[in-house]
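Asks: Just one file: upload.cif, with mmCIF, C-alpha atoms and all ligand atoms.
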```cif
data_target
#
loop_
_atom_site.group_PDB
_atom_site.id
_atom_site.type_symbol
_atom_site.label_atom_id
_atom_site.label_comp_id
_atom_site.auth_asym_id
_atom_site.auth_seq_id
_atom_site.Cartn_x
_atom_site.Cartn_y
_atom_site.Cartn_z
ATOM 1 C CA HIS A 1 15.679 13.401 3.895
ATOM 2 C CA ARG A 2 13.013 12.522 1.373
ATOM 3 C CA MET A 3 10.032 12.369 3.693
ATOM 4 C CA ARG A 4 7.372 14.149 1.675
ATOM 5 C CA LEU A 5 4.679 12.533 -0.453
ATOM 6 C CA ILE A 6 2.813 14.488 -3.103
ATOM 7 C CA GLY A 7 -0.698 13.603 -4.251
ATOM 8 C CA ARG A 8 -3.156 15.399 -6.480
ATOM 9 C CA GLU A 9 -6.469 17.131 -5.916
ATOM 10 C CA LYS A 10 -9.383 14.812 -6.801
ATOM 11 C CA GLY A 11 -7.099 11.787 -6.461
ATOM 12 C CA TYR A 12 -8.388 8.653 -4.752
ATOM 13 C CA HIS A 13 -6.141 6.060 -3.161
ATOM 14 C CA GLY A 14 -8.472 4.339 -0.718
ATOM 15 C CA VAL A 15 -9.642 5.385 2.719
ATOM 16 C CA ASN A 16 -6.755 3.996 4.744
ATOM 17 C CA PHE A 17 -4.978 6.890 6.482
ATOM 18 C CA GLY A 18 -2.054 7.019 4.029
ATOM 19 C CA GLY A 19 -4.340 6.828 1.000
ATOM 20 C CA THR A 20 -6.623 9.488 2.399
ATOM 21 C CA ALA A 21 -3.615 11.712 3.122
ATOM 22 C CA VAL A 22 -2.310 11.643 -0.463
ATOM 23 C CA GLY A 23 -5.850 11.514 -1.855
ATOM 24 C CA GLY A 24 -7.630 14.657 -2.904
ATOM 25 C CA ILE A 25 -11.278 13.930 -2.156
ATOM 26 C CA VAL A 26 -12.398 16.776 0.016
ATOM 27 C CA GLY A 27 -15.108 14.924 1.947
ATOM 28 C CA ASN A 28 -12.703 12.182 3.036
ATOM 29 C CA ARG A 29 -9.960 14.619 3.985
ATOM 30 C CA LYS A 30 -12.370 16.755 5.981
ATOM 31 C CA ILE A 31 -13.701 13.862 8.016
ATOM 32 C CA PHE A 32 -10.426 12.070 8.723
ATOM 33 C CA GLY A 33 -8.409 14.995 10.040
ATOM 34 C CA ALA A 34 -4.705 15.813 9.743
ATOM 35 C CA LEU A 35 -3.520 12.340 8.645
ATOM 36 C CA VAL A 36 0.122 12.042 7.474
ATOM 37 C CA ALA A 37 2.441 15.002 8.007
ATOM 38 C CA GLY A 38 4.418 16.488 5.134
ATOM 39 C CA VAL A 39 1.978 15.625 2.354
ATOM 40 C CA ASP A 40 1.139 18.186 -0.301
ATOM 41 C CA HIS A 41 -0.927 18.136 -3.491
ATOM 42 C CA ILE A 42 -0.660 19.366 -7.049
ATOM 43 C CA ARG A 43 -3.778 20.698 -8.690
ATOM 44 C CA HIS A 44 -6.260 18.529 -10.534
ATOM 45 C CA THR A 45 -6.644 18.450 -14.312
ATOM 46 C CA HIS A 46 -10.376 19.070 -14.668
ATOM 47 C CA ASP A 47 -10.827 22.069 -16.963
ATOM 48 C CA PRO A 48 -14.306 21.938 -18.514
ATOM 49 C CA ALA A 49 -14.017 25.493 -19.826
ATOM 50 C CA LYS A 50 -11.340 24.309 -22.266
ATOM 51 C CA ASN A 51 -11.902 20.571 -22.510
ATOM 52 C CA ALA A 52 -15.636 19.826 -22.235
ATOM 53 C CA PHE A 53 -16.812 16.943 -24.449
ATOM 54 C CA SER A 54 -13.268 15.802 -25.241
ATOM 55 C CA ARG A 55 -13.042 12.357 -26.759
ATOM 56 C CA GLY A 56 -10.167 10.497 -25.138
ATOM 57 C CA GLN A 57 -7.307 12.619 -23.823
ATOM 58 C CA PRO A 58 -8.159 16.339 -23.645
ATOM 59 C CA LYS A 59 -6.003 18.720 -25.673
ATOM 60 C CA HIS A 60 -5.403 21.324 -23.005
ATOM 61 C CA GLY A 61 -3.618 21.032 -19.700
ATOM 62 C CA ALA A 62 -0.208 19.324 -20.049
ATOM 63 C CA GLU A 63 1.244 22.343 -18.271
ATOM 64 C CA LEU A 64 -0.780 21.528 -15.141
ATOM 65 C CA ALA A 65 1.953 18.985 -14.372
ATOM 66 C CA ASP A 66 4.253 21.955 -13.747
ATOM 67 C CA ASP A 67 2.440 22.397 -10.447
ATOM 68 C CA LEU A 68 4.815 19.708 -9.171
ATOM 69 C CA GLU A 69 7.705 22.006 -10.079
ATOM 70 C CA ARG A 70 6.059 24.696 -7.961
ATOM 71 C CA LEU A 71 5.944 22.351 -4.957
ATOM 72 C CA CYS A 72 9.583 21.449 -5.586
ATOM 73 C CA GLN A 73 10.438 25.125 -5.273
ATOM 74 C CA LEU A 74 8.360 25.422 -2.094
ATOM 75 C CA HIS A 75 9.631 22.339 -0.248
ATOM 76 C CA ASP A 76 12.980 21.767 -1.989
ATOM 77 C CA PRO A 77 12.838 18.708 -4.229
ATOM 78 C CA SER A 78 15.401 16.841 -2.103
ATOM 79 C CA THR A 79 12.700 16.463 0.576
ATOM 80 C CA ILE A 80 10.155 14.831 -1.773
ATOM 81 C CA ALA A 81 10.113 11.020 -1.902
ATOM 82 C CA ALA A 82 7.317 10.314 -4.326
ATOM 83 C CA MET A 83 4.460 11.660 -6.394
ATOM 84 C CA ILE A 84 1.334 9.483 -6.660
ATOM 85 C CA VAL A 85 -1.412 9.800 -9.262
ATOM 86 C CA GLU A 86 -4.029 7.645 -10.880
ATOM 87 C CA PRO A 87 -3.225 7.930 -14.611
ATOM 88 C CA VAL A 88 -6.979 8.288 -15.189
ATOM 89 C CA ALA A 89 -8.499 9.585 -11.948
ATOM 90 C CA CYS A 90 -11.594 7.461 -11.515
ATOM 91 C CA SER A 91 -13.434 7.657 -8.193
ATOM 92 C CA ALA A 92 -13.699 11.452 -8.050
ATOM 93 C CA GLY A 93 -15.485 11.497 -11.403
ATOM 94 C CA VAL A 94 -13.301 10.294 -14.321
ATOM 95 C CA PHE A 95 -10.603 12.814 -15.204
ATOM 96 C CA VAL A 96 -8.606 11.753 -18.232
ATOM 97 C CA PRO A 97 -5.015 13.062 -18.298
ATOM 98 C CA PRO A 98 -4.489 15.828 -20.875
ATOM 99 C CA GLN A 99 -2.230 14.972 -23.813
ATOM 100 C CA GLY A 100 1.408 15.126 -22.683
ATOM 101 C CA TYR A 101 0.545 15.579 -19.006
ATOM 102 C CA LEU A 102 1.844 12.264 -17.677
ATOM 103 C CA GLN A 103 5.009 12.584 -19.774
ATOM 104 C CA ARG A 104 5.626 15.989 -18.214
ATOM 105 C CA LEU A 105 5.063 14.644 -14.716
ATOM 106 C CA ARG A 106 7.597 11.895 -15.463
ATOM 107 C CA GLU A 107 10.150 14.464 -16.673
ATOM 108 C CA ILE A 108 9.807 16.594 -13.542
ATOM 109 C CA CYS A 109 10.140 13.533 -11.288
ATOM 110 C CA ASP A 110 13.264 12.458 -13.200
ATOM 111 C CA ARG A 111 14.766 15.908 -12.957
ATOM 112 C CA HIS A 112 14.513 15.848 -9.174
ATOM 113 C CA GLY A 113 14.930 12.165 -8.310
ATOM 114 C CA ILE A 114 11.308 11.854 -7.200
ATOM 115 C CA LEU A 115 9.677 8.431 -7.529
ATOM 116 C CA LEU A 116 6.551 8.393 -9.673
ATOM 117 C CA ILE A 117 3.804 6.061 -8.459
ATOM 118 C CA PHE A 118 0.843 5.166 -10.659
ATOM 119 C CA ASP A 119 -2.167 3.948 -8.733
ATOM 120 C CA GLU A 120 -3.632 1.494 -11.212
ATOM 121 C CA VAL A 121 -6.143 -0.108 -8.881
ATOM 122 C CA ILE A 122 -8.834 0.660 -11.483
ATOM 123 C CA ASN A 123 -6.755 1.555 -14.572
ATOM 124 C CA ALA A 124 -4.870 -1.752 -14.879
ATOM 125 C CA TRP A 125 -5.905 -5.147 -16.220
ATOM 126 C CA GLY A 126 -7.288 -4.173 -19.588
ATOM 127 C CA ARG A 127 -9.538 -1.264 -18.622
ATOM 128 C CA LEU A 128 -7.843 0.894 -21.293
ATOM 129 C CA GLY A 129 -7.227 -1.905 -23.791
ATOM 130 C CA LYS A 130 -3.703 -2.628 -22.530
ATOM 131 C CA PRO A 131 -2.700 -4.655 -19.491
ATOM 132 C CA PHE A 132 -1.581 -1.471 -17.702
ATOM 133 C CA ALA A 133 -2.406 2.207 -18.133
ATOM 134 C CA SER A 134 1.311 2.969 -18.086
ATOM 135 C CA GLU A 135 1.616 0.956 -21.309
ATOM 136 C CA TYR A 136 -1.371 2.701 -22.813
ATOM 137 C CA PHE A 137 0.086 6.142 -22.119
ATOM 138 C CA GLY A 138 3.683 5.142 -22.828
ATOM 139 C CA VAL A 139 4.883 6.478 -19.470
ATOM 140 C CA THR A 140 6.714 4.168 -17.089
ATOM 141 C CA PRO A 141 6.341 4.923 -13.385
ATOM 142 C CA ASP A 142 8.728 3.651 -10.693
ATOM 143 C CA LEU A 143 5.968 1.836 -8.837
ATOM 144 C CA ILE A 144 2.501 0.614 -9.760
ATOM 145 C CA THR A 145 -0.097 -0.157 -7.135
ATOM 146 C CA THR A 146 -2.953 -2.366 -8.192
ATOM 147 C CA ALA A 147 -5.816 -4.569 -6.946
ATOM 148 C CA LYS A 148 -9.402 -5.197 -8.141
ATOM 149 C CA GLY A 149 -8.868 -6.752 -11.589
ATOM 150 C CA ILE A 150 -5.914 -8.771 -10.317
ATOM 151 C CA THR A 151 -8.461 -11.336 -9.081
ATOM 152 C CA ASN A 152 -11.375 -9.969 -11.077
ATOM 153 C CA GLY A 153 -12.527 -8.679 -7.699
ATOM 154 C CA THR A 154 -13.449 -12.173 -6.566
ATOM 155 C CA VAL A 155 -11.086 -12.385 -3.594
ATOM 156 C CA PRO A 156 -9.328 -9.430 -1.939
ATOM 157 C CA MET A 157 -5.770 -8.967 -3.203
ATOM 158 C CA GLY A 158 -3.507 -5.998 -3.850
ATOM 159 C CA ALA A 159 -0.040 -5.800 -5.354
ATOM 160 C CA VAL A 160 2.792 -3.363 -5.889
ATOM 161 C CA PHE A 161 5.072 -3.618 -8.914
ATOM 162 C CA MET A 162 8.371 -1.775 -8.827
ATOM 163 C CA LYS A 163 11.423 -1.132 -10.926
ATOM 164 C CA GLU A 164 14.249 -3.602 -10.527
ATOM 165 C CA ASP A 165 16.588 -1.189 -8.719
ATOM 166 C CA LEU A 166 13.953 -0.388 -6.096
ATOM 167 C CA TYR A 167 13.246 -4.063 -5.645
ATOM 168 C CA GLN A 168 16.950 -4.772 -5.251
ATOM 169 C CA ALA A 169 17.194 -2.064 -2.594
ATOM 170 C CA PHE A 170 14.788 -4.132 -0.499
ATOM 171 C CA MET A 171 16.635 -7.353 -1.293
ATOM 172 C CA THR A 172 20.093 -6.219 -0.221
ATOM 173 C CA GLY A 173 19.675 -6.079 3.544
ATOM 174 C CA PRO A 174 21.654 -8.028 6.141
ATOM 175 C CA GLU A 175 22.089 -11.750 5.429
ATOM 176 C CA ASN A 176 20.169 -12.775 8.520
ATOM 177 C CA ALA A 177 17.149 -10.524 7.920
ATOM 178 C CA ILE A 178 14.009 -11.212 5.938
ATOM 179 C CA GLU A 179 13.679 -9.009 2.886
ATOM 180 C CA MET A 180 10.766 -6.541 2.812
ATOM 181 C CA PRO A 181 9.441 -7.496 6.271
ATOM 182 C CA HIS A 182 6.161 -5.829 5.559
ATOM 183 C CA GLY A 183 3.704 -8.672 5.906
ATOM 184 C CA TYR A 184 0.064 -8.540 6.752
ATOM 185 C CA THR A 185 -1.939 -11.334 8.334
ATOM 186 C CA TYR A 186 -3.336 -12.190 4.925
ATOM 187 C CA SER A 187 -0.359 -11.341 2.697
ATOM 188 C CA ALA A 188 -0.062 -13.746 -0.229
ATOM 189 C CA HIS A 189 -3.103 -15.647 1.005
ATOM 190 C CA PRO A 190 -3.282 -18.930 -0.941
ATOM 191 C CA VAL A 191 -6.924 -18.441 -1.938
ATOM 192 C CA ALA A 192 -6.225 -14.932 -3.235
ATOM 193 C CA CYS A 193 -3.126 -16.133 -5.098
ATOM 194 C CA ALA A 194 -5.132 -18.967 -6.668
ATOM 195 C CA ALA A 195 -7.837 -16.500 -7.691
ATOM 196 C CA GLY A 196 -5.177 -14.222 -9.176
ATOM 197 C CA LEU A 197 -3.566 -17.014 -11.162
ATOM 198 C CA GLY A 198 -6.985 -18.230 -12.354
ATOM 199 C CA THR A 199 -7.894 -14.702 -13.407
ATOM 200 C CA MET A 200 -4.635 -14.341 -15.375
ATOM 201 C CA ASP A 201 -5.478 -17.567 -17.216
ATOM 202 C CA VAL A 202 -8.924 -16.283 -18.183
ATOM 203 C CA TYR A 203 -7.497 -12.925 -19.277
ATOM 204 C CA GLU A 204 -5.065 -14.774 -21.530
ATOM 205 C CA GLU A 205 -7.504 -17.369 -22.880
ATOM 206 C CA GLU A 206 -10.181 -14.781 -23.685
ATOM 207 C CA GLY A 207 -7.818 -11.987 -24.769
ATOM 208 C CA LEU A 208 -9.457 -9.669 -22.245
ATOM 209 C CA LEU A 209 -6.458 -7.447 -21.530
ATOM 210 C CA THR A 210 -6.627 -6.036 -25.048
ATOM 211 C CA ARG A 211 -10.315 -6.561 -25.898
ATOM 212 C CA VAL A 212 -11.264 -3.021 -24.921
ATOM 213 C CA GLY A 213 -9.206 -1.747 -27.866
ATOM 214 C CA GLU A 214 -11.773 -3.376 -30.164
ATOM 215 C CA ILE A 215 -14.855 -1.819 -28.548
ATOM 216 C CA ALA A 216 -13.476 1.521 -27.316
ATOM 217 C CA GLN A 217 -14.671 3.478 -30.358
ATOM 218 C CA TYR A 218 -18.188 2.044 -30.092
ATOM 219 C CA TRP A 219 -18.169 2.847 -26.375
ATOM 220 C CA GLU A 220 -16.980 6.406 -27.010
ATOM 221 C CA ASP A 221 -19.661 7.065 -29.629
ATOM 222 C CA ALA A 222 -22.395 5.620 -27.409
ATOM 223 C CA ALA A 223 -21.327 7.756 -24.439
ATOM 224 C CA HIS A 224 -21.055 10.971 -26.448
ATOM 225 C CA ALA A 225 -24.485 10.368 -28.010
ATOM 226 C CA LEU A 226 -25.918 11.528 -24.648
ATOM 227 C CA LYS A 227 -24.712 15.060 -25.373
ATOM 228 C CA ASP A 228 -28.197 16.239 -26.342
ATOM 229 C CA CYS A 229 -29.796 15.074 -23.069
ATOM 230 C CA PRO A 230 -30.992 17.746 -20.616
ATOM 231 C CA ASN A 231 -28.522 19.083 -18.024
ATOM 232 C CA VAL A 232 -25.466 17.383 -19.563
ATOM 233 C CA VAL A 233 -22.488 19.756 -19.288
ATOM 234 C CA ASP A 234 -19.621 17.401 -20.133
ATOM 235 C CA ILE A 235 -18.932 13.865 -21.350
ATOM 236 C CA ARG A 236 -15.499 12.258 -20.942
ATOM 237 C CA ASN A 237 -14.202 8.849 -21.960
ATOM 238 C CA ILE A 238 -11.153 6.677 -22.396
ATOM 239 C CA GLY A 239 -10.858 2.913 -22.840
ATOM 240 C CA LEU A 240 -13.900 1.330 -21.207
ATOM 241 C CA ILE A 241 -14.497 4.269 -18.862
ATOM 242 C CA ALA A 242 -16.877 7.173 -19.361
ATOM 243 C CA ALA A 243 -18.468 9.954 -17.361
ATOM 244 C CA VAL A 244 -21.465 12.155 -17.955
ATOM 245 C CA GLU A 245 -21.407 15.305 -15.886
ATOM 246 C CA LEU A 246 -24.702 16.988 -15.045
ATOM 247 C CA ALA A 247 -25.256 20.576 -14.031
ATOM 248 C CA PRO A 248 -26.018 20.678 -10.301
ATOM 249 C CA ARG A 249 -29.454 21.737 -9.145
ATOM 250 C CA ALA A 250 -29.439 25.207 -7.633
ATOM 251 C CA GLY A 251 -28.605 24.893 -3.939
ATOM 252 C CA ALA A 252 -28.524 21.077 -4.047
ATOM 253 C CA PRO A 253 -25.246 19.789 -5.470
ATOM 254 C CA GLY A 254 -25.313 16.009 -5.979
ATOM 255 C CA ALA A 255 -29.116 15.706 -5.837
ATOM 256 C CA ARG A 256 -29.594 15.361 -9.600
ATOM 257 C CA GLY A 257 -26.774 12.834 -9.865
ATOM 258 C CA PHE A 258 -28.109 10.730 -7.016
ATOM 259 C CA GLU A 259 -31.594 10.709 -8.493
ATOM 260 C CA ALA A 260 -30.145 9.539 -11.810
ATOM 261 C CA HIS A 261 -28.307 6.748 -9.978
ATOM 262 C CA VAL A 262 -31.449 5.544 -8.189
ATOM 263 C CA LYS A 263 -33.692 5.733 -11.273
ATOM 264 C CA ALA A 264 -31.135 3.907 -13.439
ATOM 265 C CA PHE A 265 -30.818 1.198 -10.802
ATOM 266 C CA GLU A 266 -34.597 0.740 -10.765
ATOM 267 C CA LYS A 267 -34.397 0.241 -14.533
ATOM 268 C CA GLY A 268 -31.659 -2.364 -14.163
ATOM 269 C CA ALA A 269 -28.483 -0.330 -14.809
ATOM 270 C CA TYR A 270 -25.895 0.288 -12.118
ATOM 271 C CA ILE A 271 -24.370 3.704 -12.714
ATOM 272 C CA ARG A 272 -21.940 4.965 -10.116
ATOM 273 C CA VAL A 273 -22.220 8.603 -9.088
ATOM 274 C CA SER A 274 -19.760 11.064 -7.689
ATOM 275 C CA GLY A 275 -21.783 14.168 -6.908
ATOM 276 C CA ASP A 276 -23.429 15.090 -10.201
ATOM 277 C CA ILE A 277 -21.022 13.007 -12.288
ATOM 278 C CA LEU A 278 -22.308 9.657 -13.587
ATOM 279 C CA ALA A 279 -19.439 7.203 -14.055
ATOM 280 C CA PHE A 280 -19.544 4.133 -16.269
ATOM 281 C CA ALA A 281 -16.981 1.296 -16.143
ATOM 282 C CA PRO A 282 -18.640 -2.037 -16.986
ATOM 283 C CA PRO A 283 -17.051 -5.502 -17.121
ATOM 284 C CA LEU A 284 -14.493 -6.083 -19.887
ATOM 285 C CA ILE A 285 -16.764 -8.682 -21.526
ATOM 286 C CA ILE A 286 -19.530 -6.187 -22.295
ATOM 287 C CA GLN A 287 -21.177 -6.661 -25.704
ATOM 288 C CA LYS A 288 -22.273 -3.872 -28.051
ATOM 289 C CA SER A 289 -25.945 -4.623 -27.351
ATOM 290 C CA GLU A 290 -25.259 -4.176 -23.634
ATOM 291 C CA ILE A 291 -23.474 -0.883 -24.266
ATOM 292 C CA ASP A 292 -26.618 0.251 -26.100
ATOM 293 C CA GLN A 293 -28.750 -0.927 -23.199
ATOM 294 C CA LEU A 294 -26.607 0.868 -20.618
ATOM 295 C CA PHE A 295 -26.529 4.231 -22.353
ATOM 296 C CA GLY A 296 -30.123 3.766 -23.535
ATOM 297 C CA THR A 297 -31.193 3.454 -19.899
ATOM 298 C CA ALA A 298 -29.107 6.513 -19.018
ATOM 299 C CA ARG A 299 -30.861 8.450 -21.806
ATOM 300 C CA GLU A 300 -34.330 7.437 -20.568
ATOM 301 C CA VAL A 301 -33.433 8.515 -17.040
ATOM 302 C CA LEU A 302 -31.844 11.814 -18.057
ATOM 303 C CA LYS A 303 -34.916 12.743 -20.095
ATOM 304 C CA THR A 304 -37.150 12.410 -17.039
ATOM 305 C CA LEU A 305 -34.921 14.222 -14.537
ATOM 306 C CA ALA A 306 -35.941 17.678 -13.421
HETATM 307 C C1 LIG A 401 -7.373 4.229 -7.553
HETATM 308 C C2 LIG A 401 -7.749 3.516 -6.292
HETATM 309 N N1 LIG A 401 -6.827 3.294 -5.349
HETATM 310 C C3 LIG A 401 -7.136 2.639 -4.212
HETATM 311 C C4 LIG A 401 -8.418 2.174 -3.989
HETATM 312 C C5 LIG A 401 -8.799 1.484 -2.709
HETATM 313 O O1 LIG A 401 -7.867 0.680 -2.212
HETATM 314 P P1 LIG A 401 -8.125 -0.042 -0.812
HETATM 315 O O2 LIG A 401 -9.592 -0.210 -0.648
HETATM 316 O O3 LIG A 401 -7.395 -1.311 -0.947
HETATM 317 O O4 LIG A 401 -7.560 0.850 0.205
HETATM 318 C C6 LIG A 401 -9.397 2.370 -4.953
HETATM 319 C C7 LIG A 401 -10.765 1.858 -4.720
HETATM 320 O O5 LIG A 401 -11.700 2.135 -5.386
HETATM 321 C C8 LIG A 401 -9.059 3.063 -6.118
HETATM 322 O O6 LIG A 401 -9.971 3.300 -7.058
#
```
Can I see the file as structure tokens?
Ligand SMILES: Cc1ncc(COP(=O)(O)O)c(C=O)c1O

Replies:
Amino acid sequence: HRMRLIGREKGYHGVNFGGTAVGGIVGNRKIFGALVAGVDHIRHTHDPAKNAFSRGQPKHGAELADDLERLCQLHDPSTIAAMIVEPVACSAGVFVPPQGYLQRLREICDRHGILLIFDEVINAWGRLGKPFASEYFGVTPDLITTAKGITNGTVPMGAVFMKEDLYQAFMTGPENAIEMPHGYTYSAHPVACAAGLGTMDVYEEEGLLTRVGEIAQYWEDAAHALKDCPNVVDIRNIGLIAAVELAPRAGAPGARGFEAHVKAFEKGAYIRVSGDILAFAPPLIIQKSEIDQLFGTAREVLKTLA
């Protein structure tokens, strides 16, 4: 009976049809149509009126997790299979979970037997100074989806980690059947597996899964130093992730952000944009001088933007 999936506004889980269905990026949803039936969304956690310029996890908004309780009352919780969120929502513009929010989501899922899925495609592999975001936040989901850093992005590979009892549910089929018959043409491709194993070795040898803990404060201070630049309405950060949100130009949302992206690129810094939000998430090996260079370039660009 549990056929419903719940996502979150501003969530991003890829542009496959399932990911787009649970995702909350309006442009993608608009273009790709009705997608998967039975999906619903809780509201996002972006609340600049209360939380602008928060360092790390914002103070306000744990209660936004209660939106899942509202959907439980609407659909009946016995029809909901799983809730999926990125612990830190990245692609839509870096939205750090408010203090206590993920814990509250976990409690509601537990109360109703709903599986909690963390999409750690970006969050995992040391981005927050711990191997996984779930460890950083101290909240254990039932499943973790991941990719990117698993091979340092060198060769395509994704993975799903799950709790033992879920795993066992897949392993206890008929004797003569293959467990989890969910293969793709390139599942467990030897080159990708070799890249993954090689990446794990480098992470271990160079201590990269925890290195961000050592530079996170420097990173935070450097990001928030842009507060006095023109048009900056919010700065957010956690681990080795930061966002600088610009006020949109009247009648031209996204134009100022895109111009910042192009000008920074011409000056040698790649800054991703989502509308008028500049997002920063450099390699884990970044040095302090490079952090200065990155935000220094951003400052130069922001000063010249109309
Ligand atoms: C959180 C998250 N999930 C999923 C994806 C994409 O996954 P895929 O391209 O494998 O569908 C991304 C890509 O940026 C992502 O950030």

Asks: So what does the PyMOL selection byres (((chain A and resi 277-282) around 7) and not hetatm) actually pick up in this one, as a list of chain:residue names?

Replies: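 That expression, the PyMOL selection byres (((chain A and resi 277-282) around 7) and not hetatm), corresponds here to A:Gly93, A:Val94, A:Leu240, A:Ile241, A:Ala242, A:Ala243, A:Val244, A:Glu245, A:Leu246, A:Gly257, A:Ile271, A:Arg272, A:Val273, A:Ser274, A:Gly275, A:Asp276, A:Pro283, A:Leu284, A:Ile286.
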
Asks: Quick one, how far is CA of His60 (chain A) from CA of Leu105 (chain A)?

Replies: 14.9 Å

Asks: So the first atom is CA of Ile144 (chain A) and the second is CA of Glu63 (chain A); what is the distance between them in Å, to one decimal place?

Replies: 23.4 Å

Asks: Dump the neighbourhood of ligand LIG 401 (chain A) as an mmCIF file with C-alpha atoms, in the frame of the given file: all residues within 6 Å, distances computed on only C-alpha atoms and all ligand atoms.

Replies:
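Okay, this is what ended up in part.cif:
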```
data_model
loop_
_atom_site.group_PDB
_atom_site.id
_atom_site.type_symbol
_atom_site.label_atom_id
_atom_site.label_comp_id
_atom_site.auth_asym_id
_atom_site.auth_seq_id
_atom_site.Cartn_x
_atom_site.Cartn_y
_atom_site.Cartn_z
ATOM 1 C CA TYR A 12 -8.388 8.653 -4.752
ATOM 2 C CA HIS A 13 -6.141 6.060 -3.161
ATOM 3 C CA GLY A 14 -8.472 4.339 -0.718
ATOM 4 C CA VAL A 15 -9.642 5.385 2.719
ATOM 5 C CA ASN A 16 -6.755 3.996 4.744
ATOM 6 C CA GLU A 86 -4.029 7.645 -10.880
ATOM 7 C CA SER A 91 -13.434 7.657 -8.193
ATOM 8 C CA ASP A 119 -2.167 3.948 -8.733
ATOM 9 C CA GLU A 120 -3.632 1.494 -11.212
ATOM 10 C CA VAL A 121 -6.143 -0.108 -8.881
ATOM 11 C CA ILE A 122 -8.834 0.660 -11.483
#
```

Asks: Apply the PyMOL selection byres (((chain A and resi 208) around 10) and not hetatm) to the file shown and report the selected residues as a list in words.

Replies: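 Here the PyMOL selection byres (((chain A and resi 208) around 10) and not hetatm) matches Trp125, Gly126, Arg127, Gly129, Lys130, Pro131, Met200, Val202, Tyr203, Glu204, Glu205, Glu206, Gly207, Leu209, Thr210, Arg211, Val212, Gly213, Leu284 and Ile285 of chain A.
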
Asks: Identify the residues around (-8.7, -13.0, -10.6) within a radius of 9 Å, measuring from only C-alpha atoms in the coordinates stated by the file, and give them as number ranges by chain.

Replies: A: 148-155, 157, 192-203

Asks: Could you state which residues are captured by the PyMOL selection byres (((chain A and resi 267) around 12) and not hetatm) in this file, as a PDB file with C-alpha atoms, in the coordinates of the input?

Replies:
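Generated output (selection_6.pdb):
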```pdb
ATOM      1  CA  ALA A 260     -30.145   9.539 -11.810  1.00  0.00           C
ATOM      2  CA  HIS A 261     -28.307   6.748  -9.978  1.00  0.00           C
ATOM      3  CA  VAL A 262     -31.449   5.544  -8.189  1.00  0.00           C
ATOM      4  CA  LYS A 263     -33.692   5.733 -11.273  1.00  0.00           C
ATOM      5  CA  ALA A 264     -31.135   3.907 -13.439  1.00  0.00           C
ATOM      6  CA  PHE A 265     -30.818   1.198 -10.802  1.00  0.00           C
ATOM      7  CA  GLU A 266     -34.597   0.740 -10.765  1.00  0.00           C
ATOM      8  CA  GLY A 268     -31.659  -2.364 -14.163  1.00  0.00           C
ATOM      9  CA  ALA A 269     -28.483  -0.330 -14.809  1.00  0.00           C
ATOM     10  CA  TYR A 270     -25.895   0.288 -12.118  1.00  0.00           C
ATOM     11  CA  ILE A 271     -24.370   3.704 -12.714  1.00  0.00           C
ATOM     12  CA  GLN A 293     -28.750  -0.927 -23.199  1.00  0.00           C
ATOM     13  CA  LEU A 294     -26.607   0.868 -20.618  1.00  0.00           C
ATOM     14  CA  PHE A 295     -26.529   4.231 -22.353  1.00  0.00           C
ATOM     15  CA  GLY A 296     -30.123   3.766 -23.535  1.00  0.00           C
ATOM     16  CA  THR A 297     -31.193   3.454 -19.899  1.00  0.00           C
ATOM     17  CA  ALA A 298     -29.107   6.513 -19.018  1.00  0.00           C
ATOM     18  CA  ARG A 299     -30.861   8.450 -21.806  1.00  0.00           C
ATOM     19  CA  GLU A 300     -34.330   7.437 -20.568  1.00  0.00           C
ATOM     20  CA  VAL A 301     -33.433   8.515 -17.040  1.00  0.00           C
TER      21      VAL A 301
END
```

Asks: Neighbouring residues of Pro98 (chain A) were defined as those with any atom within 6 Å, considering only C-alpha atoms; residues of the same chain fewer than 4 positions away were excluded. Please report them as a list in words.

Replies: Gln57, Pro58, Lys59, His60, Gly61 and Ala62 of chain A

Asks: Check the smallest atom-to-atom distance from each of A:Lys303, A:His75, A:Lys288, A:Arg249 to Leu226 (chain A) using all atoms listed in the file, then report the winner.

Replies: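 Comparing A:Lys303, A:His75, A:Lys288, A:Arg249 against Leu226 (chain A), the winner is A:Lys303.
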
Asks: Can you work out which one of A:Ala255, A:Val232, A:Ala159, A:Cys90 has the shortest atom-to-atom distance to Gly23 (chain A), counting all atoms listed in the file?

Replies: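 Selected residue with least distance to Gly23 (chain A): A:Cys90.
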